[in-house]
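For reference, the structure discussed in these notes is given below.
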Amino acid sequence: MTTIRSGSMGTHEHRTALVTGATGAIGEAIARQLAGRPGYEVVLVCRDEAKAENAVQGIRTKTGNDSVHFELADMSCQSSIRSLADRWSKPVDVLVNNAAVTPQRRQETAEGIELQFATNVMGYFWMTEAFTPQLRQCSHARVVNVASNWAGGLDIDDLEFKRRPYDSGLAYRQSKQANRMLTVAFADKLQSHGISVNACHPGEVNSKLSNNLGFGGHESPDQGARTPVWLATDRVGQSSTGRYFECLRESQCRFSKDRRAIQQLYEACSRYS
């Protein structure tokens, strides 16, 4: 974990933020809070066009910001992410990787990858890789990975539950551990380009995702969005990289200490590219 150069853009300078999974409870709250800040153009990256249109209209109405749009892409599909990056024509200041699913039974994508791993892990990986050229065009770009404190159980030899019995909760915990580990890998990789990469726990939000995992959650989506938005906009999210945060403060991440495992995971994910 390292610290990169300090500095921040003025609050009224134009900044473009991409938010994946932006029709979900936390994702939409993140997009809305970003759109409520002066100078932000916010692009919601979504799978469902009808939900995306509703989310955009709601955010525009609540914030008065007409620079809110959507792009369609499936975060479980590498070709869809590549298509999005290929048609993207401007710099990206902030990428918030947030999209996640919790299927109750093992499913595979059209590309033959277990769905939860493809969306929750490879979606973050592919988006960060695909948009690195656009992030490099900005002087102080940031990647924020929405992870979780409910993380662990990663099996580098069975990332897709081909040998283990599939369990949605275990698959989710594994994916969140992977998010935190890959944050360190990408922080190291992108540091020389002035791009910070940090991960965070969004809180105990009552959402469809948490309900699928058997949890209620006592926090609102807006409360859950606070830490991701803070990392996307505050000086700390630019001056720090490769770190993990909870409740607006840095927290120790035991997964970031195992550099060998981080490299193994990064190499395993690279083989899907």
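Residue names in the structure tokens use chain letters A, B, ... in the order shown, residue numbers from 1 in each chain, and ligand numbers from 1 in the order shown.
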Quick one: residues within 9 Å of A:Val56, only C-alpha atoms counted, chain neighbours fewer than 3 positions away excluded, as a ChimeraX atom specification? /A:28,32,43-44,51-53,59-61,68-70
Backbone DSSP call of strand (DSSP E or B) for stretch 26-272 of chain A, listed as a PyMOL selection string: chain A and resi 40-46+68-72+94-97+108+114+142-146+196-201+205+219+240-241+244-246+249-250
If you run DSSP over the backbone, which residues in stretch 33-194 of chain A end up helix (DSSP H, G or I)? Put them as a VMD selection string. chain A and resid 33 to 35 49 to 63 78 to 87 115 to 130 132 to 136 168 to 193
Go ahead and dump the residues you just picked, C-alpha atoms, as a PDB file, in the first residue's frame.
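Output (result-v2.pdb):
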```pdb
ATOM      1  CA  GLN A  33     -24.789  11.797  -4.564  1.00  0.00           C
ATOM      2  CA  LEU A  34     -22.106  12.310  -7.210  1.00  0.00           C
ATOM      3  CA  ALA A  35     -24.598  14.049  -9.485  1.00  0.00           C
ATOM      4  CA  GLU A  49     -32.577  -0.126 -20.255  1.00  0.00           C
ATOM      5  CA  ALA A  50     -35.954   0.550 -18.623  1.00  0.00           C
ATOM      6  CA  LYS A  51     -34.455   0.586 -15.123  1.00  0.00           C
ATOM      7  CA  ALA A  52     -31.603   2.770 -16.358  1.00  0.00           C
ATOM      8  CA  GLU A  53     -33.982   5.338 -17.860  1.00  0.00           C
ATOM      9  CA  ASN A  54     -35.996   5.482 -14.632  1.00  0.00           C
ATOM     10  CA  ALA A  55     -32.855   5.884 -12.522  1.00  0.00           C
ATOM     11  CA  VAL A  56     -31.494   8.671 -14.743  1.00  0.00           C
ATOM     12  CA  GLN A  57     -34.776  10.587 -14.695  1.00  0.00           C
ATOM     13  CA  GLY A  58     -35.048  10.223 -10.925  1.00  0.00           C
ATOM     14  CA  ILE A  59     -31.498  11.458 -10.364  1.00  0.00           C
ATOM     15  CA  ARG A  60     -31.947  14.402 -12.725  1.00  0.00           C
ATOM     16  CA  THR A  61     -35.147  15.414 -10.963  1.00  0.00           C
ATOM     17  CA  LYS A  62     -33.668  15.153  -7.462  1.00  0.00           C
ATOM     18  CA  THR A  63     -30.359  16.860  -8.230  1.00  0.00           C
ATOM     19  CA  GLN A  78     -16.093  -9.189 -21.186  1.00  0.00           C
ATOM     20  CA  SER A  79     -17.205  -8.515 -24.766  1.00  0.00           C
ATOM     21  CA  SER A  80     -19.943  -6.160 -23.505  1.00  0.00           C
ATOM     22  CA  ILE A  81     -17.435  -4.236 -21.386  1.00  0.00           C
ATOM     23  CA  ARG A  82     -14.999  -4.012 -24.292  1.00  0.00           C
ATOM     24  CA  SER A  83     -17.773  -2.710 -26.514  1.00  0.00           C
ATOM     25  CA  LEU A  84     -18.565  -0.008 -23.962  1.00  0.00           C
ATOM     26  CA  ALA A  85     -14.918   1.038 -23.720  1.00  0.00           C
ATOM     27  CA  ASP A  86     -14.533   1.034 -27.510  1.00  0.00           C
ATOM     28  CA  ARG A  87     -17.432   3.437 -27.995  1.00  0.00           C
ATOM     29  CA  LEU A 115     -22.030 -15.827 -12.898  1.00  0.00           C
ATOM     30  CA  GLN A 116     -21.174 -14.423  -9.471  1.00  0.00           C
ATOM     31  CA  PHE A 117     -17.428 -14.593 -10.084  1.00  0.00           C
ATOM     32  CA  ALA A 118     -17.876 -13.100 -13.561  1.00  0.00           C
ATOM     33  CA  THR A 119     -19.941 -10.148 -12.308  1.00  0.00           C
ATOM     34  CA  ASN A 120     -18.523  -9.417  -8.859  1.00  0.00           C
ATOM     35  CA  VAL A 121     -14.858 -10.021  -9.630  1.00  0.00           C
ATOM     36  CA  MET A 122     -14.165 -10.087 -13.351  1.00  0.00           C
ATOM     37  CA  GLY A 123     -16.539  -7.185 -13.953  1.00  0.00           C
ATOM     38  CA  TYR A 124     -14.336  -5.012 -11.712  1.00  0.00           C
ATOM     39  CA  PHE A 125     -11.200  -6.425 -13.313  1.00  0.00           C
ATOM     40  CA  TRP A 126     -12.369  -5.939 -16.906  1.00  0.00           C
ATOM     41  CA  MET A 127     -13.755  -2.431 -16.303  1.00  0.00           C
ATOM     42  CA  THR A 128     -10.529  -1.267 -14.689  1.00  0.00           C
ATOM     43  CA  GLU A 129      -8.442  -2.710 -17.494  1.00  0.00           C
ATOM     44  CA  ALA A 130     -10.719  -1.500 -20.278  1.00  0.00           C
ATOM     45  CA  THR A 132      -7.315   2.529 -17.978  1.00  0.00           C
ATOM     46  CA  PRO A 133      -6.608   4.549 -21.169  1.00  0.00           C
ATOM     47  CA  GLN A 134      -9.497   6.915 -20.369  1.00  0.00           C
ATOM     48  CA  LEU A 135      -8.459   7.183 -16.714  1.00  0.00           C
ATOM     49  CA  ARG A 136      -4.904   8.004 -17.800  1.00  0.00           C
ATOM     50  CA  SER A 168     -24.218 -18.109  -2.727  1.00  0.00           C
ATOM     51  CA  GLY A 169     -22.959 -16.641   0.548  1.00  0.00           C
ATOM     52  CA  LEU A 170     -19.528 -18.235   0.242  1.00  0.00           C
ATOM     53  CA  ALA A 171     -19.293 -17.167  -3.406  1.00  0.00           C
ATOM     54  CA  TYR A 172     -20.135 -13.611  -2.370  1.00  0.00           C
ATOM     55  CA  ARG A 173     -17.584 -13.563   0.460  1.00  0.00           C
ATOM     56  CA  GLN A 174     -14.953 -14.918  -1.930  1.00  0.00           C
ATOM     57  CA  SER A 175     -15.779 -12.213  -4.476  1.00  0.00           C
ATOM     58  CA  LYS A 176     -15.436  -9.447  -1.896  1.00  0.00           C
ATOM     59  CA  GLN A 177     -12.089 -10.803  -0.741  1.00  0.00           C
ATOM     60  CA  ALA A 178     -11.004 -10.835  -4.367  1.00  0.00           C
ATOM     61  CA  ASN A 179     -12.144  -7.204  -4.802  1.00  0.00           C
ATOM     62  CA  ARG A 180      -9.979  -6.148  -1.881  1.00  0.00           C
ATOM     63  CA  MET A 181      -6.954  -8.115  -3.111  1.00  0.00           C
ATOM     64  CA  LEU A 182      -7.237  -6.904  -6.701  1.00  0.00           C
ATOM     65  CA  THR A 183      -7.454  -3.328  -5.410  1.00  0.00           C
ATOM     66  CA  VAL A 184      -3.877  -3.717  -4.206  1.00  0.00           C
ATOM     67  CA  ALA A 185      -2.773  -5.298  -7.492  1.00  0.00           C
ATOM     68  CA  PHE A 186      -4.258  -2.495  -9.596  1.00  0.00           C
ATOM     69  CA  ALA A 187      -2.990   0.185  -7.215  1.00  0.00           C
ATOM     70  CA  ASP A 188       0.531  -1.078  -7.817  1.00  0.00           C
ATOM     71  CA  LYS A 189      -0.027  -1.329 -11.556  1.00  0.00           C
ATOM     72  CA  LEU A 190      -1.602   2.110 -12.035  1.00  0.00           C
ATOM     73  CA  GLN A 191       0.338   4.159  -9.501  1.00  0.00           C
ATOM     74  CA  SER A 192       2.862   5.361 -12.071  1.00  0.00           C
ATOM     75  CA  HIS A 193      -0.034   6.802 -14.100  1.00  0.00           C
TER      76      HIS A 193
END
```
Selection near stretch 242-250 of chain A, 7 Å with only C-alpha atoms, sequence-local residues under 6 positions removed, as a PyMOL selection string: chain A and resi 1-2+183-184+187+197-201+227
Env of A:Ser220: 9 Å cut, atoms = only C-alpha atoms, seq-sep filter 4 positions within chain, self excluded. Answer as a PDB file with C-alpha atoms, in the first residue's frame.
```pdb
ATOM      1  CA  ALA A  25     -29.906   0.440  -4.120  1.00  0.00           C
ATOM      2  CA  ILE A  26     -26.336   1.465  -3.300  1.00  0.00           C
ATOM      3  CA  GLY A 203     -22.137  -0.389   5.311  1.00  0.00           C
ATOM      4  CA  GLU A 204     -24.998  -2.618   6.398  1.00  0.00           C
ATOM      5  CA  VAL A 205     -27.547  -1.583   3.792  1.00  0.00           C
ATOM      6  CA  ASN A 206     -30.981  -3.119   3.519  1.00  0.00           C
ATOM      7  CA  SER A 207     -31.110  -4.036  -0.180  1.00  0.00           C
ATOM      8  CA  GLY A 224     -24.165   3.070   2.290  1.00  0.00           C
ATOM      9  CA  ALA A 225     -23.099   5.441  -0.483  1.00  0.00           C
TER      10      ALA A 225
END
```
Determine, counting only C-alpha atoms, which protein, DNA and RNA residues have an atom within 7 Å of an atom of A:Cys46; residues of the same chain fewer than 2 positions away are not included. Present the result as a PyMOL selection string. chain A and resi 20-23+44+48+52+71-74
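Between atom CA of A:Arg260 and atom CA of A:Arg106 the interatomic distance comes to 28.6 Å.
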Point out the residue among A:Ile30, A:Thr102, A:Val146, A:Thr16 with the least atom-to-atom distance to A:Arg226, counting only C-alpha atoms. A:Ile30
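Here the question is which of A:Pro91, A:Leu18, A:Glu108, A:Leu213 gets nearest to A:Val144 using only C-alpha atoms, and that residue is A:Leu18.
The smallest atom-to-atom distance between A:Gly153 and any of A:Phe255, A:Gly194, A:Cys77, A:Tyr272, using only C-alpha atoms, is found for A:Phe255.
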